[in-house]
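**Student:** Got a file for you: model-v3.cif, mmCIF, C-alpha atoms.
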data_my_file
#
loop_
_atom_site.label_atom_id
_atom_site.label_comp_id
_atom_site.auth_asym_id
_atom_site.auth_seq_id
_atom_site.Cartn_x
_atom_site.Cartn_y
_atom_site.Cartn_z
CA MET U 15 -7.68 -11.25 42.84
CA HIS U 16 -9.30 -12.08 39.52
CA THR U 17 -8.43 -11.90 35.85
CA THR U 18 -10.49 -9.73 33.53
CA ILE U 19 -11.30 -11.37 30.20
CA PHE U 20 -11.98 -8.98 27.36
CA LYS U 21 -14.65 -10.10 24.93
CA ASP U 22 -12.53 -9.54 21.84
CA ASP U 23 -9.88 -11.94 23.17
CA ALA U 24 -12.31 -14.73 23.99
CA PHE U 25 -12.81 -15.96 20.42
CA LYS U 26 -10.73 -18.09 18.11
CA PRO U 27 -9.97 -15.83 15.12
CA THR U 28 -10.89 -16.58 11.54
CA THR U 29 -8.23 -16.60 8.82
CA GLN U 30 -10.17 -14.65 6.18
CA ASN U 31 -12.18 -11.43 6.09
CA ASP U 32 -15.81 -11.25 5.02
CA GLY U 33 -15.91 -8.76 2.14
CA ALA U 34 -19.44 -7.56 2.88
CA VAL U 35 -18.47 -6.70 6.45
CA ILE U 36 -15.34 -4.85 5.33
CA LEU U 37 -17.51 -2.86 2.92
CA GLU U 38 -19.89 -1.94 5.74
CA ILE U 39 -17.03 -0.79 7.98
CA GLU U 40 -15.53 1.29 5.19
CA GLN U 41 -18.87 2.93 4.45
CA LEU U 42 -19.06 4.04 8.08
CA LEU U 43 -15.59 5.55 7.77
CA THR U 44 -16.61 7.33 4.56
CA ASP U 45 -19.55 8.79 6.49
CA ARG U 46 -17.13 9.69 9.33
CA LYS U 47 -19.03 7.57 11.83
CA PHE U 48 -15.94 6.52 13.74
CA ILE U 49 -17.55 5.26 16.94
CA GLU U 50 -19.97 3.10 14.97
CA ALA U 51 -17.08 1.77 12.85
CA HIS U 52 -15.08 0.90 15.96
CA GLN U 53 -18.06 -0.96 17.44
CA LEU U 54 -18.75 -2.82 14.21
CA VAL U 55 -15.13 -3.96 14.02
CA SER U 56 -15.40 -5.50 17.50
CA GLU U 57 -18.73 -7.10 16.65
CA ALA U 58 -17.41 -8.47 13.35
CA TYR U 59 -14.41 -10.00 15.10
CA ARG U 60 -16.62 -11.65 17.73
CA ASN U 61 -18.83 -12.98 14.93
CA ASP U 62 -15.78 -14.49 13.23
CA ASP U 63 -16.22 -12.21 10.19
CA ILE U 64 -12.76 -10.57 10.21
CA THR U 65 -9.27 -11.67 11.19
CA ILE U 66 -7.51 -10.56 14.33
CA GLU U 67 -4.99 -8.67 12.16
CA THR U 68 -7.82 -6.72 10.55
CA LYS U 69 -9.41 -5.97 13.92
CA LYS U 70 -6.13 -4.62 15.31
CA ASN U 71 -5.45 -2.61 12.16
CA TYR U 72 -8.84 -0.88 12.33
CA HIS U 73 -8.70 -0.22 16.06
CA GLN U 74 -5.08 0.89 16.19
CA ILE U 75 -4.38 2.44 12.78
CA ARG U 76 -6.99 2.83 10.07
CA ILE U 77 -9.86 4.47 11.96
CA ALA U 78 -7.47 7.02 13.46
CA ASN U 79 -5.80 7.65 10.10
CA VAL U 80 -9.10 8.30 8.33
CA ARG U 81 -10.16 10.59 11.17
CA ASP U 82 -6.88 12.53 11.27
CA PHE U 83 -5.64 12.58 7.67
CA LYS U 84 -8.67 12.46 5.40
CA GLU U 85 -9.40 16.11 6.21
CA ASN U 86 -5.81 17.08 5.38
CA ILE U 87 -5.78 20.00 2.95
CA LEU U 88 -3.94 17.93 0.35
CA PHE U 89 -6.98 15.70 -0.07
CA THR U 90 -9.17 18.68 -0.93
CA THR U 91 -6.83 20.98 -2.88
CA VAL U 92 -5.13 18.44 -5.17
CA LYS U 93 -7.97 17.93 -7.62
CA PRO U 94 -6.92 14.63 -9.28
CA VAL U 95 -6.66 13.04 -5.84
CA SER U 96 -9.91 14.55 -4.58
CA ASP U 97 -11.89 13.60 -7.70
CA GLY U 98 -10.44 10.09 -7.87
CA LEU U 99 -11.23 9.23 -4.26
CA LYS U 100 -14.72 10.72 -4.53
CA ALA U 101 -15.36 8.51 -7.56
CA LEU U 102 -14.34 5.41 -5.59
CA GLU U 103 -16.50 6.45 -2.64
CA ALA U 104 -19.48 6.99 -4.94
CA LEU U 105 -19.01 3.61 -6.58
CA MET U 106 -18.62 1.93 -3.20
CA LYS U 107 -21.89 3.49 -2.06
CA ASN U 108 -24.00 3.19 -5.20
CA ALA U 109 -22.75 0.17 -7.14
CA LYS U 110 -25.49 -2.33 -7.89
CA SER U 111 -22.96 -5.13 -8.00
CA GLY U 112 -21.54 -6.21 -4.67
CA GLY U 113 -18.30 -7.18 -6.42
CA ASP U 114 -17.82 -3.71 -7.85
CA ALA U 115 -18.59 -2.04 -4.53
CA LEU U 116 -16.18 -4.31 -2.67
CA LYS U 117 -13.43 -3.75 -5.21
CA ALA U 118 -13.86 0.01 -4.94
CA SER U 119 -13.82 -0.22 -1.15
CA ASN U 120 -10.62 -2.27 -1.04
CA ASN U 121 -8.90 -0.05 -3.58
CA LEU U 122 -9.88 2.97 -1.50
CA VAL U 123 -8.35 1.38 1.61
CA TYR U 124 -5.07 0.78 -0.20
CA ILE U 125 -4.87 4.19 -1.89
CA GLN U 126 -5.71 6.06 1.30
CA GLY U 127 -3.28 3.91 3.27
CA ARG U 128 -0.36 4.79 1.01
CA LEU U 129 -1.29 8.46 0.91
CA PHE U 130 -1.70 8.64 4.69
CA GLN U 131 1.74 7.10 5.06
CA TRP U 132 3.21 9.52 2.53
CA ILE U 133 1.80 12.52 4.42
CA GLN U 134 3.20 11.23 7.71
CA GLU U 135 6.65 10.76 6.20
CA ASN U 136 6.83 13.94 4.12
CA GLN U 137 4.63 16.80 5.31
CA ASP U 138 7.25 18.12 7.75
CA SER U 139 10.19 17.60 5.42
CA GLU U 140 12.52 20.59 5.16
CA LYS U 141 12.38 20.59 1.36
CA TYR U 142 8.66 21.46 1.47
CA GLN U 143 8.92 24.32 3.94
CA GLY U 144 7.45 27.41 2.27
CA LYS U 145 6.86 25.38 -0.90
CA SER U 146 3.30 24.11 -0.65
CA TYR U 147 3.13 23.81 -4.45
CA LEU U 148 5.98 21.29 -4.37
CA LEU U 149 4.30 19.31 -1.59
CA ALA U 150 1.04 19.22 -3.59
CA ARG U 151 2.87 18.18 -6.77
CA ASP U 152 4.71 15.31 -5.09
CA PHE U 153 1.54 14.22 -3.30
CA GLU U 154 -0.23 13.98 -6.65
CA LYS U 155 2.71 12.03 -8.08
CA GLU U 156 2.48 9.55 -5.19
CA TYR U 157 -1.25 9.18 -5.83
CA LEU U 158 -0.73 8.50 -9.54
CA GLN U 159 2.07 6.01 -8.81
CA THR U 160 -0.20 4.26 -6.32
CA ILE U 161 -2.92 3.97 -8.97
CA ARG U 162 -0.42 2.59 -11.49
CA ASP U 163 0.93 0.02 -9.01
CA LEU U 164 -2.56 -1.02 -8.00
CA LYS U 165 -3.80 -1.46 -11.56
CA GLU U 166 -0.61 -3.16 -12.73
CA TYR U 167 -0.01 -5.61 -9.92
CA ALA U 168 -3.13 -6.09 -7.82
CA SER U 169 -6.33 -5.36 -9.75
CA ASP U 170 -6.17 -7.37 -12.96
CA ASN U 171 -5.49 -4.10 -14.83
CA THR U 172 -8.89 -2.62 -13.95
CA LEU U 173 -9.59 -0.32 -11.05
CA PHE U 174 -13.33 -0.80 -10.89
CA GLY U 175 -13.82 -4.39 -12.06
CA LYS U 176 -15.29 -7.22 -10.04
CA GLY U 177 -12.99 -9.24 -7.87
CA GLY U 178 -11.81 -10.02 -4.38
CA VAL U 179 -8.41 -8.35 -4.35
CA GLY U 180 -7.54 -7.46 -0.78
CA ILE U 181 -9.75 -10.17 0.68
CA GLU U 182 -7.48 -13.12 -0.15
CA GLY U 183 -4.96 -13.60 2.63
CA LYS U 184 -5.10 -13.49 6.42
CA ASP U 185 -3.80 -9.94 6.81
CA THR U 186 -5.58 -6.60 6.48
CA VAL U 187 -6.97 -5.40 3.14
CA TYR U 188 -4.12 -2.89 2.86
CA GLU U 189 -1.46 -5.48 3.70
CA ASN U 190 -2.90 -8.08 1.31
CA ILE U 191 -2.93 -5.60 -1.57
CA ASP U 192 0.46 -4.18 -0.63
CA LYS U 193 1.94 -7.68 -0.70
CA LYS U 194 0.64 -8.24 -4.25
CA VAL U 195 1.97 -4.87 -5.40
CA LYS U 196 5.41 -5.52 -3.90
CA GLU U 197 5.51 -9.01 -5.42
CA GLY U 198 4.69 -7.49 -8.81
CA LEU U 199 7.35 -4.81 -8.46
CA LYS U 200 9.92 -7.39 -7.40
CA SER U 201 9.04 -9.60 -10.37
CA GLU U 202 9.37 -6.64 -12.72
CA GLU U 203 12.77 -5.73 -11.28
CA GLU U 204 13.97 -9.32 -11.63
CA LYS U 205 12.86 -9.40 -15.29
CA LYS U 206 14.76 -6.18 -16.02
CA SER U 207 17.78 -7.49 -14.17
CA LYS U 208 17.80 -10.72 -16.20
CA LYS U 209 17.43 -8.77 -19.44
CA ASN U 210 20.38 -6.53 -18.57
CA LYS U 211 22.40 -9.51 -17.39
CA ASP U 212 21.96 -11.26 -20.74
CA LYS U 213 23.32 -8.18 -22.51
CA ARG U 214 26.42 -7.77 -20.35
CA SER U 215 29.87 -8.73 -21.54
CA PRO U 216 32.23 -10.64 -19.21
CA GLN U 217 34.36 -7.49 -18.93
CA GLU U 218 31.40 -5.35 -17.85
CA THR U 219 30.47 -7.92 -15.22
CA ALA U 220 34.06 -7.84 -13.93
CA ASN U 221 33.95 -4.02 -13.76
CA MET U 222 30.68 -4.16 -11.83
CA ILE U 223 32.18 -6.55 -9.30
CA ILE U 224 35.04 -4.10 -8.74
CA ASP U 225 32.65 -1.15 -8.37
CA LEU U 226 30.51 -3.15 -5.98
CA ALA U 227 33.04 -2.52 -3.20
CA SER U 228 32.60 0.50 -0.93
CA PRO U 229 34.26 3.78 -2.06
CA SER U 230 36.88 3.39 0.69
CA LYS U 231 37.91 0.09 -0.89
CA GLY U 232 38.07 1.27 -4.49
CA GLY U 233 34.43 0.90 -5.42
CA ILE U 234 31.69 3.47 -5.95
CA SER U 235 28.64 4.57 -3.98
CA SER U 236 25.25 2.89 -4.29
CA ALA U 237 23.81 5.92 -6.09
CA GLU U 238 26.69 5.99 -8.59
CA PHE U 239 26.37 2.25 -9.13
CA GLN U 240 22.64 2.55 -9.82
CA SER U 241 23.19 5.44 -12.25
CA LYS U 242 26.06 3.75 -14.07
CA TYR U 243 24.66 0.24 -14.44
CA LYS U 244 20.88 0.76 -14.07
CA ILE U 245 20.73 -1.82 -11.30
CA SER U 246 21.08 -1.55 -7.53
CA LYS U 247 24.04 -2.98 -5.68
CA GLU U 248 21.68 -5.23 -3.73
CA GLN U 249 20.14 -6.71 -6.88
CA PHE U 250 23.54 -7.24 -8.49
CA LYS U 251 24.77 -9.02 -5.36
CA LYS U 252 21.84 -11.42 -5.70
CA GLU U 253 22.80 -12.06 -9.32
CA ILE U 254 26.43 -12.90 -8.68
CA THR U 255 25.59 -15.26 -5.80
CA LYS U 256 23.77 -17.37 -8.40
CA LEU U 257 26.75 -17.50 -10.78
#
Could you express the structure from this file as structure tokens?
**Tutor:**
Amino acid sequence: MHTTIFKDDAFKPTTQNDGAVILEIEQLLTDRKFIEAHQLVSEAYRNDDITIETKKNYHQIRIANVRDFKENILFTTVKPVSDGLKALEALMKNAKSGGDALKASNNLVYIQGRLFQWIQENQDSEKYQGKSYLLARDFEKEYLQTIRDLKEYASDNTLFGKGGVGIEGKDTVYENIDKKVKEGLKSEEEKKSKKNKDKRSPQETANMIIDLASPSKGGISSAEFQSKYKISKEQFKKEITKL
């Protein structure tokens, strides 16, 4: 009896991705060369050019997602999405500056990743049955919100500028960018919460504490609380634990 050692598991992984290699992998995916992309990912990992998290993400998630979802009709019929992604692909392929090309590539990974996830979670939803126009509208809204989040929290307010966003960090490009976006959103929510807190009277704070309880105990629902006070129950709980 003997143990089989797989090549990809025989190397000590790096902790940071090589941007040029990521760009090369993404170009293969843009050209729909999935076998070549899969092989390059393995080679890059063995050469210590990408992290183990990135290798697993490509082999288990991203290559399959690009193969299965990029041809989804939403990507071709919703013009703002189609035109925007084509512009990124063109920049990634033709940019003279390596920084610009890498930035476009990483932004493309993040945008596609969020849109792929949105399709998975929503395309079979009952509210869209027989209402393709509504599905297309909400898909476009998700795309625009993704662009706003990316520009606001993870791209130094420029979509096509030079930079290494997505490369910093040991996780995948998508996860690194997603972390920055979520940190930005959290910071924004905390700023709004502090601003509202400073405006509250002691009586309003007391009323909020009463309403914080579940409806069965004399309080109100989370949705009602959010609508009434413009803050979630969870965020308010964090506030009062600091009092």
**Student:** Find the residues near U:Phe250: any atom within 9 Å, counting all atoms listed in the file, skip ones fewer than 3 places away on the same chain, and give them as a count of residues only.
**Tutor:** 10
**Student:** Quick one: apply the PyMOL selection byres ((chain U and resi 87) around 12) to the file and drop the selected residues here as JSON, numbers by chain.
**Tutor:** {"U": [82, 83, 84, 85, 86, 88, 89, 90, 91, 92, 93, 95, 96, 133, 137, 146, 149, 150, 153]}
**Student:** Starting from the displayed file, determine the output of the PyMOL selection byres ((chain U and resi 42) around 12) and express the residue list as a list in words.
**Tutor:** Val35, Ile36, Leu37, Glu38, Ile39, Glu40, Gln41, Leu43, Thr44, Asp45, Arg46, Lys47, Phe48, Ile49, Glu50, Ala51, His52, Gln53, Leu54, Val55, Ile77, Val80, Arg81, Glu103, Met106, Lys107 and Ser119 of chain U
**Student:** Fewer than 6 positions away in the same chain doesn't count, so skip those; otherwise give me all residues within 12 Å of U:Leu148, counting all atoms listed in the file, as an NGL selection string.
**Tutor:** :U and (88 or 92 or 136-137 or 139-142 or 154-155)
**Student:** Quick one: pull the distance between atom CA of U:Phe130 and atom CA of U:Asn79, Å, one decimal.
**Tutor:**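 Computing it gives 6.9 Å between the two atoms.
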**Student:** From the list U:Tyr124, U:Tyr147, U:Tyr167, U:Tyr72, which residue is nearest U:Leu102 when using all atoms listed in the file?
**Tutor:**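 Closest residue, counting all atoms listed in the file: U:Tyr124.
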**Student:** What is the distance between atom CA of U:Thr65 and atom CA of U:Asp32, in Å to one decimal?
**Tutor:**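 A separation of 9.0 Å between them.
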**Student:** One decimal, in Å: what's the spacing between atom CA of U:Thr28 and atom CA of U:Ile66?
**Tutor:**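 Interatomic distance here is 7.4 Å.
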